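Presented below is the structure to which this report refers.
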Amino acid sequence: MAGAHATQHPKLQHHFDNLDQQFEASALGMWLFLVTEILFFGGLFLAYLVYRIAYPEAFAEASHELDVVLGGVNTAVLIGSSLTMAMAVWSAQLGKRSGQMLFLALTIGLGLVFLGIKAVEYSHKFEHGLVPGPNFRFESARNPVPAQLFFSLYFVMTGIHALHMIVGIGIMTVLFVMAFKGRFTRAYHTPVEVSGLYWHFVDIVWIFLFPLLYLIDRHGPVGH
Amino acid sequence: MDTAATPHANYLTDGYGLKSWLLTKDHKRIGLLYLISVSAFFVLGAVFAGLIRLELMTPAGDLVESDVYNKIFTMHGVIMVFFFLIPAIPAVLGNFLVPLMIGAKDLAFPRLNLLSWYVYTIGGVFTLWALVNGGVDTGWTFYTPYSSAFSNSNVALVVVGIFINGFSSILTGLNFIVTIHKMRAPGMTWFRLPLFIWAHYATALIMVLGTPVIAITLVMVAAERLLHFGIFDPTLGGDPVLFQHLFWFYSHPAVYIMILPAMGVMSELVAAFSRKRIFGYEVVAFSSLAIAVVGFLVWGHHMFVSSQSVYAAMAFSLLSFLVAIPSAIKVFNWSATLFKGSISFDSPMVYVFGFIGLFLIGGLTGLFLAALAVDVHVHDTYFVVAHFHYIMVGGTIMMYLGGLHYWWPKIFGKLYHEGLARVSAVVIFIGFNLTFFPQFIVGYLGMPRRYHAYPPEFQLWNILSSAGAVMLAVGYAMPTFYLLYSLVKGKPAPANPWGAKGLEWETPSPPPTHNFDTTPVVTEPPYNYAK
Ligand SMILES: [Cu+2]
């Protein structure tokens with residue numbers, strides 16, 4: 001086996017036999033991590049479900065306070081970033097350095113746009129006293145108590161999602177630097193591929209959050 | 001084995017400075033880092049247990065105020081559950097042995113493995129900070145709304161500490177699953193894996209699937225305390241019972257994070273010291289997975305008196321009976337393995353018999369508690385306390401120590417005093433029963449848990465229990481001394497001191513840094529003993 005070691009790829013860690021095994025291990029590891037993420041967000045979705053069933057009217061009324069246009073634009077932005085991420089992975093598979101850098105930069109840019117719009121939405125909530133706590137004041141006070149619960153869930157769910165976006169942008173920045181240094185080749189691009197899985201996952205979480213928080217019951221019988 | 005005579009380079013001699021330990025990526029060294037931290041937390045948790053038993057010597061609450069007592073039992077529970085029992089076997093023995101047993105050079109993600117130890121340590125620091133800052137008084141279960149809205153103690157700090165610590169569990173589990181899938185040596189098929197590996201695979205599944213749920217639950221509690229988000233606060237429309245559902249969705253399976261690895265150790269020891277293949281190997285392997293799966297469906301048995309619907313309670317009761325079946329299968333198969341085996345009574349085997357006795361009592365009283373009517377009677381009494389200590393202490397710690405004795409010569413390359421080891425195993429067994437069996441009786445008579453005072457008629461049982469605790473302390477102190485002494489003066493251990501089967505015994509003691517000089521090729525079934 002001495003000969004095999006002499007020709008070993010520089011990115012192959014000592015405890016793996018070959019790059020394929022190393023890639024498969026990393027990919028499986030990321031899929032498992034995403035499973036833990038599903039259960040992590042699952043606790044929040046369960047809480048949302050329980051309270052939505054308990055207080056349907058209050059939730060419908062409170063969801064009218066969210067800005068559907070900004071939320072919709074953000075959904076489009078994130079779906080766009082998933083496309084650029086997929087293109088970045090594709091460029092990495094082909095070993096195209098300029099493509100990797102372009103698409104990673106676009107992904108980072110779209111991620112920042114999303115966070116910017118989210119920040120605007122949050123500041124509106126602060127202005128209108130829709131942040132749970134002592135300063136909470138819900139204007140059409142038909143269901144003030146459960147409405148506060150809706151906003152608690154809104155802030156925890158979108159806040160944790162935004163935190164995942166920030167982590168994702170950090171990862172993409174590291175990848176961008178690595179791509180700039182020409183680290184990814186046809187033979188070795190595991191970090192791009194695995195980080196892509198993470199980015200798509202964070203997008204998918206938003207795809208669930210958007211209808212649950214912004215859309216359901218918007219045109220239902222209550223709240224008119 | 002002549003390998004012991006000539007000293008060889010091994011993972012212990014590969015670098016001596018502090019840095020070579022704190023920045024190590026070697027799973028064996030990380031296992032030892034965990035051994036040290038986990039042992040420190042065990043001692044701390046035991047000190048709190050000692051204070052509890054001291055207070056309960058007399059019926060009057062005369063040693064400490066009730067507030068202080070609340071903090072003492074909370075710290076005992078938090079430390080023992082999250083910082084000792086959950087990491088003990090997987091993070092120490094599992095870390096050391098999983099790659100060795102499957103013929104790998106390391107775990108799949110060595111850096112994540114080291115990170116998991118740091119995460120554990122940081123979580124521990126937060127918890128100790130809370131302790132120094134005045135402690136926490138909610139009980140280890142953090143029930144809302146007391147924890148979220150009323151308690152004036154350091155709930156947020158401890159909750160953050162446990163949240164952080166959870167990631168060490170997730171990282172360990174993730175590492176085990178990927179390693180077992182992708183890193184097995186040539187010829188190491190799934191049905192040639194030692195049962196220790198199957199047990200750790202099942203444990204890792206629970207770590208990966210359950211831990212995130214407690215993490216998000218604690219985030220919600222912290223958000224409620226720090227930001228006044230009322231997710232569990234009834235005055236804000238929240239439901240405190242939702243917390244219990246989420247908490248027990250993790251915390252019941254957490255019991256299996258503690259006991260499944262212990263069962264894995266059991267299988268190794270039973271086979272090695274009866275010189276037989278484990279009876280019904282496949283069934284034992286799959287029963288671990290069955291426990292992991294069904295264990296996720298029984299959480300409601302903690303909530304029979306928490307406003308749960310009676311139909312839900314009946315379903316949870318039935319499922320709780322069901323989850324006992326795979327555990328019982330294991331006990332029957334171990335017994336069948338012992339039958340007509342060439343049994344030797346080396347010290348790990350003494351722990352095996354201790355485990356069977358204690359786990360049997362713990363498991364059978366679990367059936368009492370799964371029955372709705374009985375549970376309503378003994379809910380929140382010492383009967384429950386005794387039951388889960390029989391499983392967690394009688395089961396997990398017996399096998400943690402049994403495994404530590406079995407693999408000690410492999411880990412450190414030294415032999416300990418066998419006579420003292422057998423004596424201490426017996427002392428622990430007797431001390432344990434003396435401590436906890438009276439609690440079944442006094443609990444059934446109606447003594448509630450978590451009070452520092454009690455009616456005088458319960459005193460006899462409590463004195464017996466406290467006396468047992470002293471004996472237990474002696475039993476735990478003994479291995480500390482003779483095991484540490486063996487590091488200094490112990491005879492060097494051969495590669496395979498027990499004459500056992502398994503890849504870990506085919507490499508020198510202690511193993512070289514990369515585990516095997518040449519990658520092993522597996523050609524035979526596990527536990528391939530002569531008979
Ligand atoms: Cu349980």
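Labels for the structure tokens follow display order: chains A, B, ..., residues from 1 in each chain, ligands from 1.
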Please produce, as CSV, a per-residue contact table for stretch 162-211 of chain A versus stretch 8-32 of chain A (criterion: any atom at most 12 Å away, only C-alpha atoms considered), showing the nearest atom pair and its distance in Å to one decimal, sorted by chain then residue number.
residue,atom,partner,partner_atom,distance
A:Arg183,CA,A:Lys11,CA,9.4
A:Phe184,CA,A:Lys11,CA,10.1
A:Thr185,CA,A:Lys11,CA,10.8
A:Arg186,CA,A:Leu19,CA,11.6
A:Ala187,CA,A:Leu19,CA,8.1
A:Tyr188,CA,A:Lys11,CA,7.5
A:His189,CA,A:Phe23,CA,8.7
A:Thr190,CA,A:Phe23,CA,5.9
A:Pro191,CA,A:Ser26,CA,8.5
A:Val192,CA,A:Ala27,CA,10.8
A:Glu193,CA,A:Ala27,CA,8.1
A:Val194,CA,A:Ala27,CA,5.9
A:Ser195,CA,A:Met30,CA,8.2
A:Gly196,CA,A:Met30,CA,10.0
A:Leu197,CA,A:Met30,CA,7.4
A:Tyr198,CA,A:Met30,CA,7.5
A:Trp199,CA,A:Met30,CA,11.2
A:His200,CA,A:Trp31,CA,11.6
A:Phe201,CA,A:Trp31,CA,9.9
Store the residues of this selection in a file with C-alpha atoms, as a compact mmCIF listing (two decimals), in the first residue's frame.
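Wrote again.txt, looks like this:
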# COMPACT_ATOMS: atom_id res chain seq x y z
CA ARG A 183 -9.09 24.79 -3.91
CA PHE A 184 -11.95 23.05 -5.70
CA THR A 185 -11.37 20.76 -8.64
CA ARG A 186 -13.29 18.11 -10.52
CA ALA A 187 -11.78 15.50 -8.19
CA TYR A 188 -12.36 17.38 -4.94
CA HIS A 189 -15.25 19.75 -4.25
CA THR A 190 -16.90 18.12 -1.23
CA PRO A 191 -17.28 21.35 0.81
CA VAL A 192 -19.27 23.10 -1.96
CA GLU A 193 -21.56 20.14 -2.47
CA VAL A 194 -22.19 19.57 1.22
CA SER A 195 -22.73 23.27 2.00
CA GLY A 196 -25.16 23.39 -0.91
CA LEU A 197 -27.32 20.81 0.86
CA TYR A 198 -27.38 23.04 3.92
CA TRP A 199 -28.32 26.14 1.90
CA HIS A 200 -31.20 24.36 0.15
CA PHE A 201 -32.45 23.09 3.49
Open item on the list: Residues near B:Ile325, anyone? I mean within 12 Å using only C-alpha atoms, not counting same-chain ones fewer than 4 positions away, as a VMD selection string.
Closed with: chain B and resid 283 to 284 287 to 288 290 to 291 294 to 295 318 to 321 329 to 332 363 to 364 366 to 367
Open item on the list: Hey, which residues sit close to ligand 1? Say within 10 Å, counting only C-alpha atoms and all ligand atoms, and write them as a PyMOL selection string.
Closed with: chain B and resi 248-256+295-303+320+366+369-370+388
Task: Spatial neighbours of B:Phe368, max dist 10 Å, only C-alpha atoms, sep filter under 5 positions, as a list in words - done: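 The contact residues come out as Phe321, Gly363, Ala373, Val374, Asp375, Val378, Phe383, Val384 and His387 of chain B.
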TODO: Please identify every residue of chain A that has at least one atom no more than 9 Å from any atom of chain B, counting only C-alpha atoms, and report them as an MDAnalysis selection string.
DONE: chainID A and resid 14:17 21:22 24:26 28:29 32:33 35:44 47 50:51 55 131:134 145:149 151:153 155:156
Open item on the list: Need the shell around B:Leu487: protein/DNA/RNA residues with any atom at most 12 Å away, counting only C-alpha atoms. Skip same-chain ones fewer than 6 positions apart. Format as a PyMOL selection string?
Closed with: chain B and resi 12+408-409+411-417+480-481+493
Just the selected residues (C-alpha atoms), exported as a compact mmCIF listing (two decimals), in the first residue's frame, please.
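Saved file selection_20.txt follows:
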# COMPACT_ATOMS: atom_id res chain seq x y z
CA LEU B 12 -0.31 7.47 24.82
CA TRP B 408 -8.83 -0.94 31.00
CA PRO B 409 -5.85 -3.15 30.01
CA ILE B 411 -6.87 1.50 27.06
CA PHE B 412 -3.84 1.93 29.32
CA GLY B 413 -1.86 -1.26 28.79
CA LYS B 414 -1.86 -1.97 32.53
CA LEU B 415 -3.37 -4.68 34.72
CA TYR B 416 -5.19 -3.70 37.93
CA HIS B 417 -5.61 -5.65 41.18
CA THR B 480 -10.77 5.07 41.66
CA PHE B 481 -7.80 4.07 43.78
CA ALA B 493 -1.06 -5.90 29.89
Open item on the list: When you look at A:His128 with a cut-off of 12 Å (counting only C-alpha atoms), what residues show up, excluding the ones that are within fewer than 6 positions of it in the same chain? I need them as a PyMOL selection string.
Closed with: chain A and resi 65-66+121-122+135-139
Task: Contact residues around B:Lys340 with only C-alpha atoms at 12 Å, ignoring same-chain residues under 6 positions, as a PyMOL selection string - done: chain B and resi 273-277+279+334+531
Could you save those same residues with N, CA, C and O atoms as a PDB file, in the first residue's frame?
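Produced file result03.pdb, reproduced below:
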ATOM      1  N   PHE B 273     -16.803 -13.851  28.684  1.00  0.00           N
ATOM      2  CA  PHE B 273     -16.557 -14.621  29.910  1.00  0.00           C
ATOM      3  C   PHE B 273     -17.396 -15.889  29.994  1.00  0.00           C
ATOM      4  O   PHE B 273     -17.385 -16.565  31.010  1.00  0.00           O
ATOM      5  N   SER B 274     -18.171 -16.194  28.956  1.00  0.00           N
ATOM      6  CA  SER B 274     -18.734 -17.538  28.906  1.00  0.00           C
ATOM      7  C   SER B 274     -18.229 -18.268  27.668  1.00  0.00           C
ATOM      8  O   SER B 274     -18.665 -19.373  27.387  1.00  0.00           O
ATOM      9  N   ARG B 275     -17.324 -17.601  26.943  1.00  0.00           N
ATOM     10  CA  ARG B 275     -16.658 -18.235  25.800  1.00  0.00           C
ATOM     11  C   ARG B 275     -17.666 -18.810  24.823  1.00  0.00           C
ATOM     12  O   ARG B 275     -17.542 -19.935  24.362  1.00  0.00           O
ATOM     13  N   LYS B 276     -18.698 -18.032  24.543  1.00  0.00           N
ATOM     14  CA  LYS B 276     -19.721 -18.514  23.611  1.00  0.00           C
ATOM     15  C   LYS B 276     -20.179 -17.378  22.719  1.00  0.00           C
ATOM     16  O   LYS B 276     -20.125 -16.207  23.097  1.00  0.00           O
ATOM     17  N   ARG B 277     -20.655 -17.745  21.532  1.00  0.00           N
ATOM     18  CA  ARG B 277     -21.330 -16.791  20.668  1.00  0.00           C
ATOM     19  C   ARG B 277     -22.621 -16.384  21.372  1.00  0.00           C
ATOM     20  O   ARG B 277     -23.282 -17.212  22.006  1.00  0.00           O
ATOM     21  N   PHE B 279     -26.237 -15.946  22.164  1.00  0.00           N
ATOM     22  CA  PHE B 279     -27.409 -16.679  21.700  1.00  0.00           C
ATOM     23  C   PHE B 279     -28.345 -15.719  20.957  1.00  0.00           C
ATOM     24  O   PHE B 279     -28.710 -14.674  21.475  1.00  0.00           O
ATOM     25  N   TRP B 334     -29.022 -13.205  26.920  1.00  0.00           N
ATOM     26  CA  TRP B 334     -27.782 -13.256  27.712  1.00  0.00           C
ATOM     27  C   TRP B 334     -27.795 -14.481  28.620  1.00  0.00           C
ATOM     28  O   TRP B 334     -26.788 -15.185  28.747  1.00  0.00           O
ATOM     29  N   LYS B 531     -16.787 -22.971  21.245  1.00  0.00           N
ATOM     30  CA  LYS B 531     -18.085 -23.658  21.364  1.00  0.00           C
ATOM     31  C   LYS B 531     -19.250 -22.733  21.094  1.00  0.00           C
ATOM     32  O   LYS B 531     -19.103 -21.541  21.011  1.00  0.00           O
TER      33      LYS B 531
END
Task: Computed interatomic separation between atom CA of B:Tyr34 and atom CA of B:Gly394 (Å) - done: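 Separation between atom CA of B:Tyr34 and atom CA of B:Gly394: 21.4 Å.
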- [ ] For atom CA of B:Ala473 and atom CA of B:Val393, quote the distance in Å rounded to one decimal.
- [x] 12.8 Å
